[in-house]
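The next block is model02.txt, given as compact mmCIF, C-alpha atoms.
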```txt
# COMPACT_ATOMS: atom_id res chain seq x y z
CA MET A 1 23.86 2.54 20.12
CA GLN A 2 23.10 -0.68 22.01
CA PRO A 3 19.35 0.01 22.48
CA LEU A 4 19.07 0.53 18.71
CA ILE A 5 20.86 -2.76 18.04
CA ASP A 6 18.66 -4.59 20.55
CA ASN A 7 15.50 -3.27 18.92
CA ALA A 8 16.77 -4.14 15.42
CA ARG A 9 17.34 -7.73 16.57
CA MET A 10 13.79 -7.95 17.95
CA PHE A 11 12.29 -6.22 14.92
CA GLY A 12 13.07 -9.16 12.64
CA GLN A 13 11.39 -11.63 14.99
CA ARG A 14 7.94 -10.90 13.47
CA PRO A 15 8.33 -11.98 9.81
CA GLU A 16 4.59 -12.54 9.31
CA GLU A 17 3.99 -8.81 9.84
CA PHE A 18 6.39 -7.89 7.07
CA ALA A 19 5.90 -10.63 4.46
CA ARG A 20 3.41 -8.55 2.43
CA LEU A 21 5.97 -5.75 2.13
CA ALA A 22 8.09 -7.96 -0.13
CA GLU A 23 5.34 -7.72 -2.77
CA GLY A 24 6.04 -4.02 -3.33
CA GLN A 25 4.92 -0.64 -2.10
CA SER A 26 1.93 1.55 -2.84
CA PRO A 27 1.98 4.47 -0.41
CA ASP A 28 -0.65 7.16 -0.86
CA VAL A 29 1.46 9.96 0.63
CA LEU A 30 4.87 11.48 -0.02
CA PHE A 31 5.95 13.04 3.27
CA ILE A 32 8.68 15.67 2.89
CA THR A 33 10.22 16.76 6.15
CA CYS A 34 13.42 17.74 7.88
CA SER A 35 16.24 15.36 8.71
CA ASP A 36 15.96 16.46 12.35
CA SER A 37 15.96 13.42 14.66
CA ARG A 38 13.04 14.85 16.66
CA VAL A 39 10.73 14.63 13.65
CA VAL A 40 9.54 11.05 13.09
CA PRO A 41 6.90 10.90 10.33
CA ALA A 42 5.56 7.45 11.22
CA LEU A 43 5.27 8.43 14.88
CA ILE A 44 3.52 11.71 14.05
CA THR A 45 1.07 10.14 11.57
CA GLY A 46 0.74 6.63 12.98
CA ALA A 47 1.75 5.22 9.59
CA ARG A 48 2.81 1.61 9.30
CA PRO A 49 5.58 0.35 6.98
CA GLY A 50 4.59 0.91 3.37
CA GLU A 51 2.13 3.75 4.05
CA LEU A 52 4.45 6.76 3.68
CA PHE A 53 7.09 7.48 1.07
CA GLU A 54 9.53 9.78 2.86
CA LEU A 55 11.89 12.49 1.70
CA ARG A 56 14.00 13.96 4.48
CA THR A 57 16.28 16.89 3.82
CA ALA A 58 17.99 19.45 6.02
CA GLY A 59 15.31 22.08 6.54
CA ASN A 60 12.76 20.12 4.45
CA ILE A 61 14.08 22.03 1.45
CA VAL A 62 12.67 21.24 -1.98
CA PRO A 63 15.36 22.31 -4.45
CA PRO A 64 14.38 24.11 -7.66
CA HIS A 65 13.45 21.76 -10.48
CA ALA A 66 16.27 21.62 -13.03
CA LEU A 67 16.49 18.84 -15.63
CA GLU A 68 20.09 19.66 -16.47
CA HIS A 69 21.15 19.11 -12.84
CA PRO A 70 18.91 16.43 -11.31
CA THR A 71 19.00 16.01 -7.55
CA SER A 72 18.19 13.09 -5.31
CA GLU A 73 15.26 15.10 -3.97
CA ALA A 74 13.84 15.72 -7.46
CA ALA A 75 14.25 12.03 -8.31
CA THR A 76 12.40 11.03 -5.13
CA ILE A 77 9.55 13.45 -5.86
CA GLU A 78 9.28 12.31 -9.48
CA TYR A 79 9.31 8.63 -8.50
CA ALA A 80 6.64 9.16 -5.85
CA VAL A 81 4.34 10.97 -8.27
CA GLU A 82 4.98 9.16 -11.57
CA VAL A 83 5.76 5.60 -10.48
CA LEU A 84 4.06 5.18 -7.11
CA GLY A 85 1.16 7.49 -7.96
CA VAL A 86 0.91 9.12 -4.55
CA LYS A 87 -2.33 11.02 -4.07
CA ASP A 88 -1.02 13.57 -1.57
CA ILE A 89 2.20 15.33 -0.70
CA VAL A 90 2.80 16.77 2.75
CA VAL A 91 5.60 19.25 3.40
CA CYS A 92 6.10 19.26 7.16
CA GLY A 93 8.30 21.82 8.88
CA HIS A 94 8.93 21.88 12.60
CA SER A 95 9.53 24.22 15.49
CA HIS A 96 13.09 24.76 16.71
CA CYS A 97 14.43 24.04 13.20
CA GLY A 98 18.18 24.64 13.15
CA ALA A 99 18.29 25.01 9.36
CA VAL A 100 15.56 27.63 9.11
CA GLY A 101 16.89 29.36 12.23
CA ALA A 102 20.34 29.62 10.64
CA VAL A 103 18.86 31.16 7.50
CA VAL A 104 16.74 33.66 9.45
CA ARG A 105 19.57 34.69 11.77
CA GLY A 106 22.15 34.79 8.99
CA ASP A 107 24.45 32.43 10.90
CA ASP A 108 28.06 32.13 9.74
CA LEU A 109 28.21 28.66 8.21
CA ALA A 110 31.73 28.89 6.78
CA ALA A 111 32.81 25.87 8.88
CA VAL A 112 30.10 23.75 7.23
CA PRO A 113 30.20 24.74 3.54
CA ALA A 114 27.97 21.89 2.32
CA VAL A 115 25.29 22.96 4.81
CA ARG A 116 25.71 26.62 3.82
CA ASP A 117 25.38 25.78 0.12
CA TRP A 118 22.36 23.51 0.70
CA LEU A 119 20.56 26.19 2.72
CA ALA A 120 21.03 28.56 -0.20
CA HIS A 121 18.29 26.46 -1.86
CA ALA A 122 15.82 27.59 0.81
CA ALA A 123 14.22 30.07 -1.61
CA ASP A 124 13.77 33.54 -0.21
CA GLN A 125 14.66 34.17 3.40
CA PRO A 126 11.52 33.27 5.35
CA LYS A 127 9.68 36.20 6.92
CA CYS A 128 10.22 36.30 10.66
CA ASP A 129 9.33 39.20 12.93
CA ASP A 130 11.35 37.77 15.84
CA PRO A 131 14.52 35.90 14.74
CA ALA A 132 15.43 35.48 18.43
CA ASP A 133 12.35 33.26 18.99
CA PRO A 134 13.84 29.78 19.57
CA THR A 135 10.83 28.07 17.95
CA VAL A 136 11.24 30.12 14.73
CA ALA A 137 7.59 29.15 14.17
CA GLU A 138 6.68 32.05 11.89
CA ALA A 139 9.77 31.56 9.75
CA VAL A 140 9.29 27.79 9.48
CA GLN A 141 5.64 28.18 8.48
CA ASN A 142 6.57 30.69 5.79
CA HIS A 143 9.39 28.41 4.67
CA VAL A 144 7.02 25.43 4.37
CA LEU A 145 4.68 27.49 2.18
CA ALA A 146 7.62 28.46 -0.05
CA GLN A 147 8.55 24.79 -0.46
CA VAL A 148 4.97 23.87 -1.39
CA LEU A 149 5.00 26.66 -3.95
CA ARG A 150 8.30 25.36 -5.33
CA LEU A 151 6.81 21.87 -5.66
CA ARG A 152 4.20 23.32 -8.00
CA SER A 153 7.00 24.09 -10.49
CA TYR A 154 7.84 20.39 -10.92
CA PRO A 155 6.27 19.28 -14.24
CA CYS A 156 4.91 16.00 -12.86
CA ILE A 157 3.24 17.80 -9.96
CA GLU A 158 1.92 20.62 -12.12
CA ARG A 159 0.32 18.04 -14.42
CA ARG A 160 -1.22 15.97 -11.60
CA LEU A 161 -2.59 19.09 -9.92
CA ALA A 162 -4.19 20.19 -13.21
CA GLU A 163 -5.78 16.75 -13.51
CA GLY A 164 -7.09 16.98 -9.94
CA ARG A 165 -5.17 13.83 -8.98
CA LEU A 166 -2.86 15.27 -6.33
CA GLY A 167 -3.23 17.22 -3.12
CA LEU A 168 -0.51 19.41 -1.58
CA HIS A 169 -0.47 20.03 2.17
CA ALA A 170 1.63 22.34 4.36
CA TRP A 171 2.10 21.13 7.94
CA PHE A 172 3.90 22.53 10.97
CA TYR A 173 4.92 20.21 13.81
CA GLU A 174 5.60 21.63 17.27
CA VAL A 175 8.46 19.62 18.73
CA HIS A 176 7.80 20.87 22.25
CA THR A 177 4.06 20.00 22.32
CA GLY A 178 3.52 17.32 19.66
CA THR A 179 0.84 19.49 18.03
CA VAL A 180 0.50 19.38 14.25
CA ARG A 181 -0.96 22.33 12.39
CA GLN A 182 -2.07 22.47 8.76
CA HIS A 183 -2.15 25.56 6.58
CA ARG A 184 -5.68 26.62 5.68
CA ALA A 185 -5.72 28.60 2.44
CA GLU A 186 -9.05 30.25 3.19
CA THR A 187 -7.68 31.92 6.34
CA ASP A 188 -3.96 31.83 5.41
CA THR A 189 -3.20 30.45 8.88
CA PHE A 190 -1.84 27.23 10.34
CA GLU A 191 -4.56 25.58 12.41
CA THR A 192 -4.46 22.48 14.58
CA LEU A 193 -5.44 19.32 12.71
```
With the file now loaded, output its structure as structure tokens.
Amino acid sequence: MQPLIDNARMFGQRPEEFARLAEGQSPDVLFITCSDSRVVPALITGARPGELFELRTAGNIVPPHALEHPTSEAATIEYAVEVLGVKDIVVCGHSHCGAVGAVVRGDDLAAVPAVRDWLAHAADQPKCDDPADPTVAEAVQNHVLAQVLRLRSYPCIERRLAEGRLGLHAWFYEVHTGTVRQHRAETDTFETL
């Protein structure tokens, strides 16, 4: 914990770098990714404070849109699109994902019922030819595509897409190499950026 505290103390020693942030935020991108500590959106993208609006959930799950039962995730998505006017949304999954791996393997999650119930929102079980593969790459990539598809059911996103004012992107980050791949619709493959 001490290195984190030391850095936090030094971080505030550069007020001139952060003064403009007090005026508000206008990020162009909503970046939806996993809560996994190995996935750091600003590090991956090189974004500075104020450039990314982030939504981090276990397994980068986008829950179904339901007005009668709003979620924090739905509120974040709606705010990013309607208030901040983001131009792009990236859903970024990652290799070695414990959440997607648990879904694919059918792990017994009785000891962590909140996790079990959250992972039930993962949509269909992601296709995976080799559930023993520790990277679960195929499953994560399929899972990311399912989350992008689910985003399309959100009214604010559906409207912005129809207006041509929003782009949706499916990314896959390899924890063990640092490589980022983007889904290409024309080939239906994830290719290196």
> Any idea what's packed within 8 Å of range 65-68 of chain A, counting only C-alpha atoms, ignoring anything in its chain fewer than 4 positions away? Could you give it as an MDAnalysis selection string?
Replying inline: chainID A and resid 74 153:154
> Of the residues A:Leu151, A:Ile32, A:Ala185, A:Ala58, which is the one nearest to Ala114 in chain A, using only C-alpha atoms?
Replying inline: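 Smallest separation from Ala114 in chain A among the options: A:Ala58.
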> Ala132 in chain A: which residues within 10 Å, counting all atoms listed in the file, same-chain residues fewer than 5 positions away excluded, as a PyMOL selection string?
Replying inline: chain A and resi 101+104-105
> What is the distance between CA of Gly59 in chain A and CA of Asp129 in chain A, in Å to one decimal?
Replying inline: 19.2 Å
> For Arg160 in chain A, which residue out of A:Val29, A:Leu55, A:Ala120, A:Val86 is the nearest one, using only C-alpha atoms?
Replying inline: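 Going through A:Val29, A:Leu55, A:Ala120, A:Val86 one by one, the smallest distance to Arg160 in chain A is for A:Val86.
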> Quick one: residues within 8 Å of Ala137 in chain A, only C-alpha atoms counted, chain neighbours fewer than 5 positions away excluded, as a count of residues only?
Replying inline: 3
>> Would you pick out the contacts of Thr179 in chain A at 10 Å or less, using all atoms listed in the file, so that residues sharing its chain but fewer than 3 positions from it are not included, and give the list as a PyMOL selection string?
In response: chain A and resi 44+172-176+191-193
> Suppose you want the space between CA of Cys156 in chain A and CA of Ile77 in chain A; what is it in Å?
Replying inline: 8.8 Å
> Given the choices A:Met10, A:Val100, A:Ala22, A:Val112, which gets closest to Val140 in chain A if the distance is worked out from all atoms listed in the file?
Replying inline: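 Once distances to Val140 in chain A are computed over all atoms listed in the file, the minimum belongs to A:Val100.
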> What is the distance between CA of Glu54 in chain A and CA of Gln182 in chain A, in Å to one decimal?
Replying inline: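 Here the two named atoms are 18.2 Å from each other.
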> What lies within 12 Å of Arg48 in chain A using all atoms listed in the file, ignoring chain neighbours under 2 positions off, as a list of chain:residue names?
Replying inline: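 Near Arg48 in chain A, the qualifying residues are A:Glu17, A:Phe18, A:Leu21, A:Gln25, A:Pro27, A:Pro41, A:Ala42, A:Leu43, A:Ile44, A:Thr45, A:Gly46, A:Gly50, A:Glu51, A:Leu52, A:Phe53.
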>> Using only C-alpha atoms for the distances, tell me which of A:Cys92, A:Arg165, A:Asp133, A:Ile61 is nearest to Trp118 in chain A.
In response: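 The closest residue to Trp118 in chain A is A:Ile61.
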> Given the choices A:Ser35, A:Thr177, A:Gln13, A:Thr71, which gets closest to Cys97 in chain A if the distance is worked out from only C-alpha atoms?
Replying inline: A:Ser35
> With distances taken over all atoms listed in the file, which of A:Leu149, A:Pro63, A:Leu161, A:Gly85 is nearest to Leu119 in chain A?
Replying inline: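 Looking only at the distances to Leu119 in chain A, the closest residue turns out to be A:Pro63.
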